[in-house]
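Here is the structure we will look at, set down as structure tokens.
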Amino acid sequence: SGDPLVLDLKEAAAGGIGPHGLVVGATGSGKSEPLRTIVAGLAATHPPDQLAFVLVDFKGGAAFADLARVPQVAGLITNLQSDLSMVDRAMAALQGELVRRQRLLHRNGNLPDLQSYTARRALDPELEPLPHLLVVVGEFGELLAARPEFLDLFTAIGRVGRSLGMHLLLASQRLDEGRLRGLDSHLRFRICLRTFSAAESTSVLGVPDAYHLPAAPGAALLKVDAAPPARFTAALASPDLEALLGGVITAGRPVHQVWLPPLAPAIALDPLLRSGALGWLEVPVGVVDRPLRQEQGPLVLDLSGGAGHLAVVGAPRTG
């Protein structure tokens, strides 16, 4: 029809098609561009106190690299395939965000959902901002293959995301229904670009139509619940990304960081000495990384008093 296709990621009760969805497309179908378009479009129209993003890419992360400067980005987690310990760290960070949001609702009057918290914050601006959080996961099929237990976390977000304001947008080259084990029941909308086979299109949309899409990148189908798929062409954010986000990057306070970068291989003492007041016989000796609590801070030894004795043990060449 030539009309704009608008994704409304709100839940069904609020008239939307969300909160969770899926993007599937074969190599070369242009799968990354709709993800960039969704993130860039939302960032251009929603301030950081209303919306935040965690952008996860199991591979290199090129799709999201130039979106990292946006103040709404609460974490850019990329290149997990090269270090699987980072997958566990990413899982801990997202689990920590679930807990943090539940704790904020409980602490401020045992509120039932984010909508109630937002109403409370309108009356008390001193309350900590709690924006909606869109978690975009590229190549999530490979992520589940590497760490199947990630599915339990995605399913938990799928189950409580509506009340906590967390949205999942999962992207993959193909859909392995056997791996989803119930997660698919939380994915209300599905965007399917060209697939490798008619069977793969059928597993995503219920019809083989995506296999017959033109070879041009960006041709796609949107299916919501049991409605028939709607054909559309994805908009391009890349040619005008700087113009689109230029004002966004300099406006608004950055959001709470769900993901903190891994600790550096070398940590200098001087910044730790200046990071806070130290008591008698207290000394910082390093930095503690707590991804589940989304915290990093100095490790301070207190050598005062009766317990002020220290043993240091290590094999040769451990430093």
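By order in the structure tokens, chains are A, B, ...; within a chain, residues start at 1; ligands start at 1, following the order shown.
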For Ala227 (chain A), please output as number ranges by chain all residues within 12 Å (counting only C-alpha atoms; exclusion window: fewer than 3 positions along the same chain). A: 17, 188-190, 205-207, 221-224, 230
Let me see the file: selected residues, N, CA and C atoms, as a short mmCIF file (atom, residue, chain, number, x, y, z; two decimals), in the first residue's frame.
```cif
data_model
loop_
_atom_site.label_atom_id
_atom_site.label_comp_id
_atom_site.auth_asym_id
_atom_site.auth_seq_id
_atom_site.Cartn_x
_atom_site.Cartn_y
_atom_site.Cartn_z
N ILE A 17 2.20 -4.56 19.76
CA ILE A 17 2.42 -5.92 19.27
C ILE A 17 3.52 -6.62 20.06
N ARG A 188 5.61 -12.37 20.33
CA ARG A 188 4.34 -12.06 19.66
C ARG A 188 4.52 -11.67 18.21
N PHE A 189 5.58 -10.94 17.89
CA PHE A 189 5.75 -10.53 16.49
C PHE A 189 7.02 -11.16 15.94
N ARG A 190 6.99 -11.43 14.62
CA ARG A 190 8.12 -12.06 13.95
C ARG A 190 8.37 -11.33 12.63
N LEU A 205 6.96 -18.25 10.15
CA LEU A 205 5.72 -17.54 9.81
C LEU A 205 4.50 -18.43 9.68
N GLY A 206 4.73 -19.74 9.54
CA GLY A 206 3.61 -20.64 9.26
C GLY A 206 3.31 -20.77 7.78
N VAL A 207 4.02 -20.01 6.94
CA VAL A 207 3.85 -20.07 5.48
C VAL A 207 5.24 -20.00 4.85
N LEU A 221 8.84 -9.82 5.76
CA LEU A 221 7.44 -10.04 6.14
C LEU A 221 7.31 -9.88 7.65
N LEU A 222 6.22 -9.27 8.10
CA LEU A 222 5.93 -9.12 9.53
C LEU A 222 4.68 -9.92 9.86
N LYS A 223 4.79 -10.78 10.86
CA LYS A 223 3.62 -11.56 11.31
C LYS A 223 3.41 -11.27 12.80
N VAL A 224 2.18 -10.94 13.17
CA VAL A 224 1.81 -10.68 14.55
C VAL A 224 0.74 -11.68 14.95
N ALA A 230 2.49 -9.48 6.71
CA ALA A 230 2.44 -8.25 5.91
C ALA A 230 3.80 -8.02 5.27
#
```
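Residue-level DSSP output for region 164-193 of chain A, from the backbone, shows helix (DSSP H, G or I) at Leu164, Glu177, Gly178, Arg179, Leu180, Leu183, Asp184, Ser185 and His186 of chain A.
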Hey, can you spit out that residue selection with N, CA, C and O atoms as a PDB file, in the first residue's frame?
```
ATOM      1  N   LEU A 164       8.215  -5.588  34.166  1.00  0.00           N
ATOM      2  CA  LEU A 164       9.478  -4.915  34.481  1.00  0.00           C
ATOM      3  C   LEU A 164       9.929  -3.956  33.385  1.00  0.00           C
ATOM      4  O   LEU A 164      10.950  -3.297  33.534  1.00  0.00           O
ATOM      5  N   GLU A 177      13.347 -24.426  16.261  1.00  0.00           N
ATOM      6  CA  GLU A 177      12.218 -24.506  17.196  1.00  0.00           C
ATOM      7  C   GLU A 177      12.545 -25.383  18.398  1.00  0.00           C
ATOM      8  O   GLU A 177      12.105 -25.137  19.516  1.00  0.00           O
ATOM      9  N   GLY A 178      13.346 -26.438  18.172  1.00  0.00           N
ATOM     10  CA  GLY A 178      13.660 -27.349  19.263  1.00  0.00           C
ATOM     11  C   GLY A 178      14.425 -26.695  20.385  1.00  0.00           C
ATOM     12  O   GLY A 178      14.334 -27.121  21.532  1.00  0.00           O
ATOM     13  N   ARG A 179      15.201 -25.633  20.052  1.00  0.00           N
ATOM     14  CA  ARG A 179      15.996 -24.965  21.080  1.00  0.00           C
ATOM     15  C   ARG A 179      15.182 -23.973  21.904  1.00  0.00           C
ATOM     16  O   ARG A 179      15.611 -23.565  22.984  1.00  0.00           O
ATOM     17  N   LEU A 180      14.024 -23.565  21.404  1.00  0.00           N
ATOM     18  CA  LEU A 180      13.289 -22.484  22.065  1.00  0.00           C
ATOM     19  C   LEU A 180      12.515 -22.940  23.298  1.00  0.00           C
ATOM     20  O   LEU A 180      12.287 -22.141  24.200  1.00  0.00           O
ATOM     21  N   LEU A 183      10.073 -20.515  24.859  1.00  0.00           N
ATOM     22  CA  LEU A 183      10.341 -19.089  24.662  1.00  0.00           C
ATOM     23  C   LEU A 183       9.493 -18.535  23.537  1.00  0.00           C
ATOM     24  O   LEU A 183       9.054 -17.380  23.581  1.00  0.00           O
ATOM     25  N   ASP A 184       9.216 -19.366  22.510  1.00  0.00           N
ATOM     26  CA  ASP A 184       8.469 -18.876  21.351  1.00  0.00           C
ATOM     27  C   ASP A 184       7.076 -18.394  21.721  1.00  0.00           C
ATOM     28  O   ASP A 184       6.512 -17.542  21.035  1.00  0.00           O
ATOM     29  N   SER A 185       6.514 -18.885  22.827  1.00  0.00           N
ATOM     30  CA  SER A 185       5.170 -18.446  23.226  1.00  0.00           C
ATOM     31  C   SER A 185       5.159 -16.988  23.687  1.00  0.00           C
ATOM     32  O   SER A 185       4.101 -16.363  23.759  1.00  0.00           O
ATOM     33  N   HIS A 186       6.352 -16.439  24.003  1.00  0.00           N
ATOM     34  CA  HIS A 186       6.443 -15.038  24.430  1.00  0.00           C
ATOM     35  C   HIS A 186       6.767 -14.100  23.274  1.00  0.00           C
ATOM     36  O   HIS A 186       6.780 -12.883  23.462  1.00  0.00           O
TER      37      HIS A 186
END
```
Considering only C-alpha atoms, return as a PyMOL selection string whatever protein or nucleic-acid residues lie within 9 Å of Thr27 (chain A), sequence-local ones (same chain, fewer than 3 positions apart) excluded. chain A and resi 30-31+173+194-196
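Computed from the coordinates, the CA of Phe64 (chain A) to CA of Leu292 (chain A) distance equals 23.4 Å.
The residue that comes closest to Leu114 (chain A), out of A:Leu151, A:Met166, A:Ala145, A:Ala65 and on the basis of only C-alpha atoms, is A:Met166.
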From the list A:Ala171, A:Ile191, A:Val248, A:Val283, which residue is nearest Leu42 (chain A) when using only C-alpha atoms? A:Val248
Need to verify the contact set: Gly297 (chain A), 8 Å, only C-alpha atoms, exclusion of same-chain residues closer than 6 positions in sequence. Can you return it as a list in words? Val287, Val288 and Asp289 of chain A
Would you please give, as a PyMOL selection string, all residues of region 8-229 of chain A that DSSP assigns to strand (DSSP E or B) based on the backbone? chain A and resi 11+18+21-24+51-57+73-78+132-138+166-172+189-193+219-224
Residue among A:Ser32, A:Pro48, A:Gln115, A:Gly21 lying closest to Asp225 (chain A), counting only C-alpha atoms: A:Gly21
